[in-house]
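Shown next, in C-alpha cells, is the structure this report addresses.
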Amino acid sequence: MIQVITDSAADLPAEIVKKYNITVVPLTVHIDGEEYTDGVDISSQEFYKKMAKSKELPKTSQPSVASFIKVFQELESKGEQLCINISSKLSGTYQTACLAQKLSGVNVAVFDSWSATLGQGLQVIKAALLAEKGMSREHIIQILTEYKKGMTHYVLLDTLENVVKGGRLSKFQGTLAKLLNIKVLLTGVEGALIILDKIHGRKKALQRIIDRMGEKLQGAKDIPTKLFSISHFNNLKDAEMLKSQIMKKFDIKDEQFIINEMGATIATYAGEGGMVISF
C-alpha cells in the first residue's frame, strides 16, 4: 500500500495519525534560546505558555533534508510513497522534501497542499483513505489536485500581537487594532494568505465566517460527504461553538468534523485565540 507522509504543520490529532498509519516529519521551533521538535518534545499547551511569556516571536524551521531522507529510506521497503506538505508559499518544507527525494533516489511523490494546519491535514486523510482502497498514486494525486483547488480556508486572528512581534505590523497599528477590538479574517488563495475582512468584535467575526461559508456552500451537492475542520490556538470554546453553528446551519454530521489544537509552527503565526477553518 502507498505510504502517506506529511509534516507536523498538518496539526493532525494523534489518533488519526495512528488510525491511518501516517508518518509525520516534524518541524522545529526556537523559543527563548531553546529548540523544540514540534509535537514531539513540546506539547501545544506547553508551547502556548512559553510563547505568552516570551517577548520575541518564536522562530520556526522546516525539517532538514536529512530528516526527510531518513523517513523516505525507512519506508522504502513498504512501497511507493506520497509526501503531502505545507504550502510552498508559507514554508520551505515542500522544497526541502523535493530535494530529499532527489538525493535519496527513493520512489516518493512530493505534493504541495497549498494549505497548512488541518486544511493540509484533510488532504492527508483523503490520501490515506484512497490508498486504503488500493488506488494508484497517480490517481490519488489527480484527486488531491482537484480537491485542494476546491478547498476554502478562513483564518481568524483574534489578536495581532504575534503579527506585531514578527514585524509585519507596527506596534502603533497593533495597539490601535486592540483598542478598536478589530479582528482580521484572511483566506487562502493558491497557497498564499490574503486579507478578506477587518471586523469589529469577535461575535461579528464568527458570524462573518458563517455568512461567507453560506456563500461558498450555496447549491453545493457534496455537503453530506465533505470534511470540515477547525484548528485553534487555546480557544476550544469558540471552536466548539462555531462547529455547532456550522453543523446546524448546513446539516453536517459530527463525523464530518475535526477540531484540534494548532501545533507550535502554525500557532506562532496565528497568535492566541486564532482559528483556521477549512473545508
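Quick note on naming: the chains in the C-alpha cells go A, B, ... in the order shown, residues restart at 1 in each chain, and ligands are numbered from 1 in order of appearance.
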### Task
Using DSSP on the backbone, list every residue of stretch 14-199 of chain A that comes out as helix (DSSP H, G or I), and give them as JSON, numbers by chain.
{"A": [14, 15, 16, 17, 18, 19, 44, 45, 46, 47, 48, 49, 50, 51, 52, 53, 65, 66, 67, 68, 69, 70, 71, 72, 73, 74, 75, 76, 77, 78, 93, 94, 95, 96, 97, 98, 99, 100, 101, 102, 103, 104, 117, 118, 119, 120, 121, 122, 123, 124, 125, 126, 127, 128, 129, 130, 131, 132, 137, 138, 139, 140, 141, 142, 143, 144, 145, 146, 147, 148, 149, 150, 161, 162, 163, 164, 165, 171, 172, 173, 174, 175, 176, 177, 178, 179]}
### A:Val155 surroundings by only C-alpha atoms, 7 Å radius, close-in-sequence under 6 positions cut, as a PyMOL selection string
chain A and resi 185-187+275-277
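Nearest to A:Gln62 of all the residues A:His153, A:His30, A:Lys226, A:Lys243 is A:His30, counting only C-alpha atoms.
The gap separating atom CA of A:Ile259 from atom CA of A:Ala239 is 7.3 Å, in Å to one decimal.
Note that atom CA of A:Gln3 and atom CA of A:Asp222 are 27.5 Å apart.
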### Message
If we count only C-alpha atoms and set the cut-off at 9 Å, which residues sit around A:Asp32, ignoring sequence neighbours fewer than 4 positions away in its own chain? Please answer as a PyMOL selection string.
### Response
chain A and resi 50-51+54-56+58
Given the selection you just returned, output its residues as a file containing C-alpha atoms, formatted as a PDB file, in the first residue's frame.
ATOM      1  CA  LYS A  50       6.183  29.669  26.815  1.00  0.00           C
ATOM      2  CA  MET A  51       5.074  31.945  23.979  1.00  0.00           C
ATOM      3  CA  SER A  54       8.326  35.418  25.565  1.00  0.00           C
ATOM      4  CA  LYS A  55       8.994  38.988  24.395  1.00  0.00           C
ATOM      5  CA  GLU A  56      10.152  37.808  20.997  1.00  0.00           C
ATOM      6  CA  PRO A  58       9.408  32.168  18.290  1.00  0.00           C
TER       7      PRO A  58
END
### Task
Write out as a VMD selection string which residues come within 9 Å of A:Asn21 when counting only C-alpha atoms, dropping same-chain ones fewer than 2 positions away.
chain A and resid 3 to 4 16 to 19 23 128
Residues just named, written with C-alpha atoms as a tab-separated table (two decimals), in the first residue's frame:
chain	number	residue	atom	x	y	z
A	3	GLN	CA	2.79	5.15	2.38
A	4	VAL	CA	1.39	8.59	3.23
A	16	ILE	CA	-5.91	9.98	13.25
A	17	VAL	CA	-2.17	9.67	12.56
A	18	LYS	CA	-2.26	6.23	14.20
A	19	LYS	CA	-5.56	5.13	12.61
A	23	THR	CA	4.20	9.23	9.02
A	128	ALA	CA	-4.81	7.77	3.25
At a cut-off of 6 Å, using only C-alpha atoms, what residues contact stretch 199-214 of chain A? Leave out same-chain residues fewer than 3 positions from it and give the result as a PDB file with C-alpha atoms, in the first residue's frame.
ATOM      1  CA  ASN A 181     -11.368  45.376  19.019  1.00  0.00           C
ATOM      2  CA  ILE A 182     -10.568  44.630  15.379  1.00  0.00           C
ATOM      3  CA  LYS A 183     -10.393  41.006  14.255  1.00  0.00           C
ATOM      4  CA  LEU A 217     -21.711  26.240   0.054  1.00  0.00           C
ATOM      5  CA  GLN A 218     -24.848  27.607  -1.594  1.00  0.00           C
TER       6      GLN A 218
END
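Minimum atom-to-atom distance to A:Ala66, evaluated using only C-alpha atoms, belongs to A:Lys102 out of A:Lys78, A:Lys89, A:Lys198, A:Lys102.
With distances restricted to only C-alpha atoms, A:Val106 is the closest residue to A:Ser77 from A:Val24, A:Ile140, A:Ala192, A:Val106.
Checking A:Ser61, A:Asp158, A:Ser115, A:Ser91 one by one against A:Tyr36, counting only C-alpha atoms, you find the shortest gap at A:Ser61.
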### Query
How would you write, as a VMD selection string, the set of residues in stretch 6-159 of chain A that DSSP gives as strand (DSSP E)?
chain A and resid 6 to 7 23 to 25 28 to 31 34 to 37 59 to 61 81 to 85 108 to 112 153 to 157
Can I get the selected residues back with N, CA and C atoms, as a PDB file, in the first residue's frame?
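Ended up saving to selection.pdb:
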ATOM      1  N   THR A   6       3.491  13.248   5.886  1.00  0.00           N
ATOM      2  CA  THR A   6       3.224  14.682   5.927  1.00  0.00           C
ATOM      3  C   THR A   6       4.207  15.324   6.907  1.00  0.00           C
ATOM      4  N   ASP A   7       4.077  16.627   7.116  1.00  0.00           N
ATOM      5  CA  ASP A   7       4.897  17.307   8.123  1.00  0.00           C
ATOM      6  C   ASP A   7       3.995  17.762   9.268  1.00  0.00           C
ATOM      7  N   THR A  23       2.881   8.874   8.473  1.00  0.00           N
ATOM      8  CA  THR A  23       4.200   9.229   9.019  1.00  0.00           C
ATOM      9  C   THR A  23       4.337  10.748   9.020  1.00  0.00           C
ATOM     10  N   VAL A  24       4.694  11.315  10.180  1.00  0.00           N
ATOM     11  CA  VAL A  24       4.808  12.773  10.317  1.00  0.00           C
ATOM     12  C   VAL A  24       6.263  13.178  10.526  1.00  0.00           C
ATOM     13  N   VAL A  25       6.743  14.074   9.655  1.00  0.00           N
ATOM     14  CA  VAL A  25       8.092  14.618   9.789  1.00  0.00           C
ATOM     15  C   VAL A  25       7.964  15.974  10.487  1.00  0.00           C
ATOM     16  N   THR A  28      10.743  22.275  13.498  1.00  0.00           N
ATOM     17  CA  THR A  28      11.303  22.662  14.799  1.00  0.00           C
ATOM     18  C   THR A  28      10.929  24.105  15.105  1.00  0.00           C
ATOM     19  N   VAL A  29      10.893  24.420  16.393  1.00  0.00           N
ATOM     20  CA  VAL A  29      10.573  25.776  16.830  1.00  0.00           C
ATOM     21  C   VAL A  29      11.615  26.215  17.851  1.00  0.00           C
ATOM     22  N   HIS A  30      12.050  27.472  17.734  1.00  0.00           N
ATOM     23  CA  HIS A  30      13.062  28.027  18.638  1.00  0.00           C
ATOM     24  C   HIS A  30      12.400  29.119  19.474  1.00  0.00           C
ATOM     25  N   ILE A  31      12.504  28.980  20.796  1.00  0.00           N
ATOM     26  CA  ILE A  31      11.904  29.975  21.684  1.00  0.00           C
ATOM     27  C   ILE A  31      12.789  30.171  22.910  1.00  0.00           C
ATOM     28  N   GLU A  34      15.944  28.073  23.234  1.00  0.00           N
ATOM     29  CA  GLU A  34      15.778  26.617  23.235  1.00  0.00           C
ATOM     30  C   GLU A  34      15.155  26.151  21.927  1.00  0.00           C
ATOM     31  N   GLU A  35      15.547  24.952  21.506  1.00  0.00           N
ATOM     32  CA  GLU A  35      14.970  24.375  20.289  1.00  0.00           C
ATOM     33  C   GLU A  35      14.096  23.179  20.653  1.00  0.00           C
ATOM     34  N   TYR A  36      12.903  23.126  20.080  1.00  0.00           N
ATOM     35  CA  TYR A  36      11.970  22.029  20.343  1.00  0.00           C
ATOM     36  C   TYR A  36      11.492  21.430  19.028  1.00  0.00           C
ATOM     37  N   THR A  37      11.198  20.132  19.076  1.00  0.00           N
ATOM     38  CA  THR A  37      10.640  19.452  17.908  1.00  0.00           C
ATOM     39  C   THR A  37       9.124  19.504  18.020  1.00  0.00           C
ATOM     40  N   LYS A  59      10.836  31.352  16.518  1.00  0.00           N
ATOM     41  CA  LYS A  59      11.231  31.130  15.120  1.00  0.00           C
ATOM     42  C   LYS A  59      10.981  29.667  14.783  1.00  0.00           C
ATOM     43  N   THR A  60      10.412  29.432  13.616  1.00  0.00           N
ATOM     44  CA  THR A  60      10.151  28.060  13.184  1.00  0.00           C
ATOM     45  C   THR A  60      11.124  27.675  12.072  1.00  0.00           C
ATOM     46  N   SER A  61      11.484  26.399  12.030  1.00  0.00           N
ATOM     47  CA  SER A  61      12.395  25.900  10.999  1.00  0.00           C
ATOM     48  C   SER A  61      11.801  24.667  10.348  1.00  0.00           C
ATOM     49  N   GLN A  81       5.596   6.011  -2.073  1.00  0.00           N
ATOM     50  CA  GLN A  81       5.314   6.973  -1.016  1.00  0.00           C
ATOM     51  C   GLN A  81       4.726   8.258  -1.593  1.00  0.00           C
ATOM     52  N   LEU A  82       3.875   8.903  -0.787  1.00  0.00           N
ATOM     53  CA  LEU A  82       3.290  10.201  -1.153  1.00  0.00           C
ATOM     54  C   LEU A  82       3.482  11.134   0.040  1.00  0.00           C
ATOM     55  N   CYS A  83       4.219  12.219  -0.190  1.00  0.00           N
ATOM     56  CA  CYS A  83       4.544  13.169   0.880  1.00  0.00           C
ATOM     57  C   CYS A  83       3.795  14.480   0.648  1.00  0.00           C
ATOM     58  N   ILE A  84       2.853  14.790   1.551  1.00  0.00           N
ATOM     59  CA  ILE A  84       1.986  15.967   1.403  1.00  0.00           C
ATOM     60  C   ILE A  84       2.443  17.044   2.378  1.00  0.00           C
ATOM     61  N   ASN A  85       2.860  18.192   1.843  1.00  0.00           N
ATOM     62  CA  ASN A  85       3.486  19.212   2.685  1.00  0.00           C
ATOM     63  C   ASN A  85       2.726  20.533   2.769  1.00  0.00           C
ATOM     64  N   VAL A 108       9.337   8.545  -4.199  1.00  0.00           N
ATOM     65  CA  VAL A 108       8.433   9.402  -3.429  1.00  0.00           C
ATOM     66  C   VAL A 108       7.857  10.483  -4.351  1.00  0.00           C
ATOM     67  N   ALA A 109       6.557  10.698  -4.280  1.00  0.00           N
ATOM     68  CA  ALA A 109       5.938  11.843  -4.955  1.00  0.00           C
ATOM     69  C   ALA A 109       5.688  12.899  -3.887  1.00  0.00           C
ATOM     70  N   VAL A 110       6.170  14.124  -4.116  1.00  0.00           N
ATOM     71  CA  VAL A 110       6.017  15.212  -3.139  1.00  0.00           C
ATOM     72  C   VAL A 110       4.910  16.147  -3.628  1.00  0.00           C
ATOM     73  N   PHE A 111       3.981  16.453  -2.728  1.00  0.00           N
ATOM     74  CA  PHE A 111       2.778  17.199  -3.108  1.00  0.00           C
ATOM     75  C   PHE A 111       2.641  18.470  -2.275  1.00  0.00           C
ATOM     76  N   ASP A 112       2.426  19.610  -2.956  1.00  0.00           N
ATOM     77  CA  ASP A 112       2.227  20.900  -2.296  1.00  0.00           C
ATOM     78  C   ASP A 112       0.734  21.051  -1.984  1.00  0.00           C
ATOM     79  N   HIS A 153     -10.345  28.127   2.887  1.00  0.00           N
ATOM     80  CA  HIS A 153      -9.688  28.271   4.186  1.00  0.00           C
ATOM     81  C   HIS A 153      -9.944  29.687   4.723  1.00  0.00           C
ATOM     82  N   TYR A 154     -10.399  29.765   5.954  1.00  0.00           N
ATOM     83  CA  TYR A 154     -10.559  31.057   6.626  1.00  0.00           C
ATOM     84  C   TYR A 154      -9.658  31.083   7.858  1.00  0.00           C
ATOM     85  N   VAL A 155      -8.889  32.145   7.987  1.00  0.00           N
ATOM     86  CA  VAL A 155      -8.003  32.320   9.143  1.00  0.00           C
ATOM     87  C   VAL A 155      -8.496  33.529   9.935  1.00  0.00           C
ATOM     88  N   LEU A 156      -8.898  33.295  11.177  1.00  0.00           N
ATOM     89  CA  LEU A 156      -9.381  34.388  12.023  1.00  0.00           C
ATOM     90  C   LEU A 156      -8.343  34.699  13.090  1.00  0.00           C
ATOM     91  N   LEU A 157      -7.815  35.921  13.046  1.00  0.00           N
ATOM     92  CA  LEU A 157      -6.834  36.360  14.042  1.00  0.00           C
ATOM     93  C   LEU A 157      -7.550  37.144  15.130  1.00  0.00           C
TER      94      LEU A 157
END
### Query
What lies within 9 Å of A:Phe47 using only C-alpha atoms, ignoring chain neighbours under 4 positions off, as a PyMOL selection string?
chain A and resi 31+42-43+51-52+263-264+267
Proximity check stretch 118-227 of chain A to stretch 8-14 of chain A, 10 Å, nearest pairs one decimal Å, only C-alpha atoms, as a tab-separated table:
residue	atom	partner	partner_atom	distance
A:Leu118	CA	A:Ala10	CA	5.4
A:Gly119	CA	A:Ala10	CA	7.3
A:Gln120	CA	A:Ala10	CA	5.2
A:Gly121	CA	A:Ala10	CA	4.6
A:Leu122	CA	A:Ala10	CA	8.4
A:Gln123	CA	A:Ala10	CA	9.2
A:Val124	CA	A:Ala10	CA	8.2
A:Ile125	CA	A:Leu12	CA	9.0
### Query
Out of A:Ala220, A:Gly150, A:Asp197, A:Lys253, which residue has the shortest atom-to-atom distance to A:Ser278 when counting only C-alpha atoms?
A:Gly150
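Closest approach to A:Phe279 among A:Leu130, A:Met262, A:Ile246, A:Val65 is made by A:Ile246 (distances from only C-alpha atoms).
Counting only C-alpha atoms, A:Lys237 has the following residues at most 12 Å away, ignoring those fewer than 2 positions along the same chain: A:Ile230, A:Ser231, A:His232, A:Phe233, A:Asn234, A:Asn235, A:Ala239, A:Glu240, A:Met241, A:Leu242, A:Lys243, A:Ser244, A:Ile259, A:Asn260, A:Glu261, A:Gly273, A:Gly274, A:Met275.
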Atoms kept (N, CA and C atoms) for selection, written as a PDB file, in the first residue's frame:
ATOM      1  N   ILE A 230     -11.587  22.672  12.114  1.00  0.00           N
ATOM      2  CA  ILE A 230     -11.221  23.911  12.808  1.00  0.00           C
ATOM      3  C   ILE A 230     -10.009  23.614  13.664  1.00  0.00           C
ATOM      4  N   SER A 231      -8.938  24.349  13.444  1.00  0.00           N
ATOM      5  CA  SER A 231      -7.793  24.275  14.361  1.00  0.00           C
ATOM      6  C   SER A 231      -7.749  25.595  15.123  1.00  0.00           C
ATOM      7  N   HIS A 232      -7.302  25.520  16.369  1.00  0.00           N
ATOM      8  CA  HIS A 232      -7.367  26.722  17.206  1.00  0.00           C
ATOM      9  C   HIS A 232      -6.147  26.834  18.109  1.00  0.00           C
ATOM     10  N   PHE A 233      -5.870  28.060  18.523  1.00  0.00           N
ATOM     11  CA  PHE A 233      -4.799  28.352  19.476  1.00  0.00           C
ATOM     12  C   PHE A 233      -5.474  28.650  20.812  1.00  0.00           C
ATOM     13  N   ASN A 234      -5.535  27.614  21.665  1.00  0.00           N
ATOM     14  CA  ASN A 234      -6.040  27.786  23.026  1.00  0.00           C
ATOM     15  C   ASN A 234      -7.441  28.392  23.056  1.00  0.00           C
ATOM     16  N   ASN A 235      -8.299  27.946  22.148  1.00  0.00           N
ATOM     17  CA  ASN A 235      -9.622  28.560  22.020  1.00  0.00           C
ATOM     18  C   ASN A 235     -10.677  27.514  21.676  1.00  0.00           C
ATOM     19  N   ALA A 239     -14.143  27.415  19.114  1.00  0.00           N
ATOM     20  CA  ALA A 239     -14.094  26.399  18.054  1.00  0.00           C
ATOM     21  C   ALA A 239     -15.311  25.479  18.133  1.00  0.00           C
ATOM     22  N   GLU A 240     -15.650  25.055  19.356  1.00  0.00           N
ATOM     23  CA  GLU A 240     -16.819  24.170  19.547  1.00  0.00           C
ATOM     24  C   GLU A 240     -18.125  24.906  19.219  1.00  0.00           C
ATOM     25  N   MET A 241     -18.195  26.178  19.615  1.00  0.00           N
ATOM     26  CA  MET A 241     -19.391  26.977  19.342  1.00  0.00           C
ATOM     27  C   MET A 241     -19.576  27.153  17.824  1.00  0.00           C
ATOM     28  N   LEU A 242     -18.485  27.469  17.147  1.00  0.00           N
ATOM     29  CA  LEU A 242     -18.545  27.660  15.693  1.00  0.00           C
ATOM     30  C   LEU A 242     -18.914  26.350  14.993  1.00  0.00           C
ATOM     31  N   LYS A 243     -18.325  25.259  15.447  1.00  0.00           N
ATOM     32  CA  LYS A 243     -18.654  23.934  14.894  1.00  0.00           C
ATOM     33  C   LYS A 243     -20.155  23.655  15.022  1.00  0.00           C
ATOM     34  N   SER A 244     -20.685  23.920  16.208  1.00  0.00           N
ATOM     35  CA  SER A 244     -22.110  23.673  16.472  1.00  0.00           C
ATOM     36  C   SER A 244     -23.008  24.475  15.525  1.00  0.00           C
ATOM     37  N   ILE A 259     -11.759  18.865  15.027  1.00  0.00           N
ATOM     38  CA  ILE A 259     -11.246  20.028  15.756  1.00  0.00           C
ATOM     39  C   ILE A 259      -9.949  19.612  16.432  1.00  0.00           C
ATOM     40  N   ASN A 260      -8.933  20.447  16.345  1.00  0.00           N
ATOM     41  CA  ASN A 260      -7.682  20.150  17.050  1.00  0.00           C
ATOM     42  C   ASN A 260      -6.932  21.435  17.366  1.00  0.00           C
ATOM     43  N   GLU A 261      -6.044  21.351  18.351  1.00  0.00           N
ATOM     44  CA  GLU A 261      -5.190  22.490  18.693  1.00  0.00           C
ATOM     45  C   GLU A 261      -4.133  22.686  17.609  1.00  0.00           C
ATOM     46  N   GLY A 273      -5.850  32.639  20.593  1.00  0.00           N
ATOM     47  CA  GLY A 273      -7.260  32.732  20.188  1.00  0.00           C
ATOM     48  C   GLY A 273      -7.513  32.546  18.713  1.00  0.00           C
ATOM     49  N   GLY A 274      -6.447  32.444  17.906  1.00  0.00           N
ATOM     50  CA  GLY A 274      -6.601  32.302  16.456  1.00  0.00           C
ATOM     51  C   GLY A 274      -7.256  30.987  16.066  1.00  0.00           C
ATOM     52  N   MET A 275      -7.946  31.006  14.933  1.00  0.00           N
ATOM     53  CA  MET A 275      -8.599  29.794  14.429  1.00  0.00           C
ATOM     54  C   MET A 275      -8.441  29.716  12.908  1.00  0.00           C
TER      55      MET A 275
END
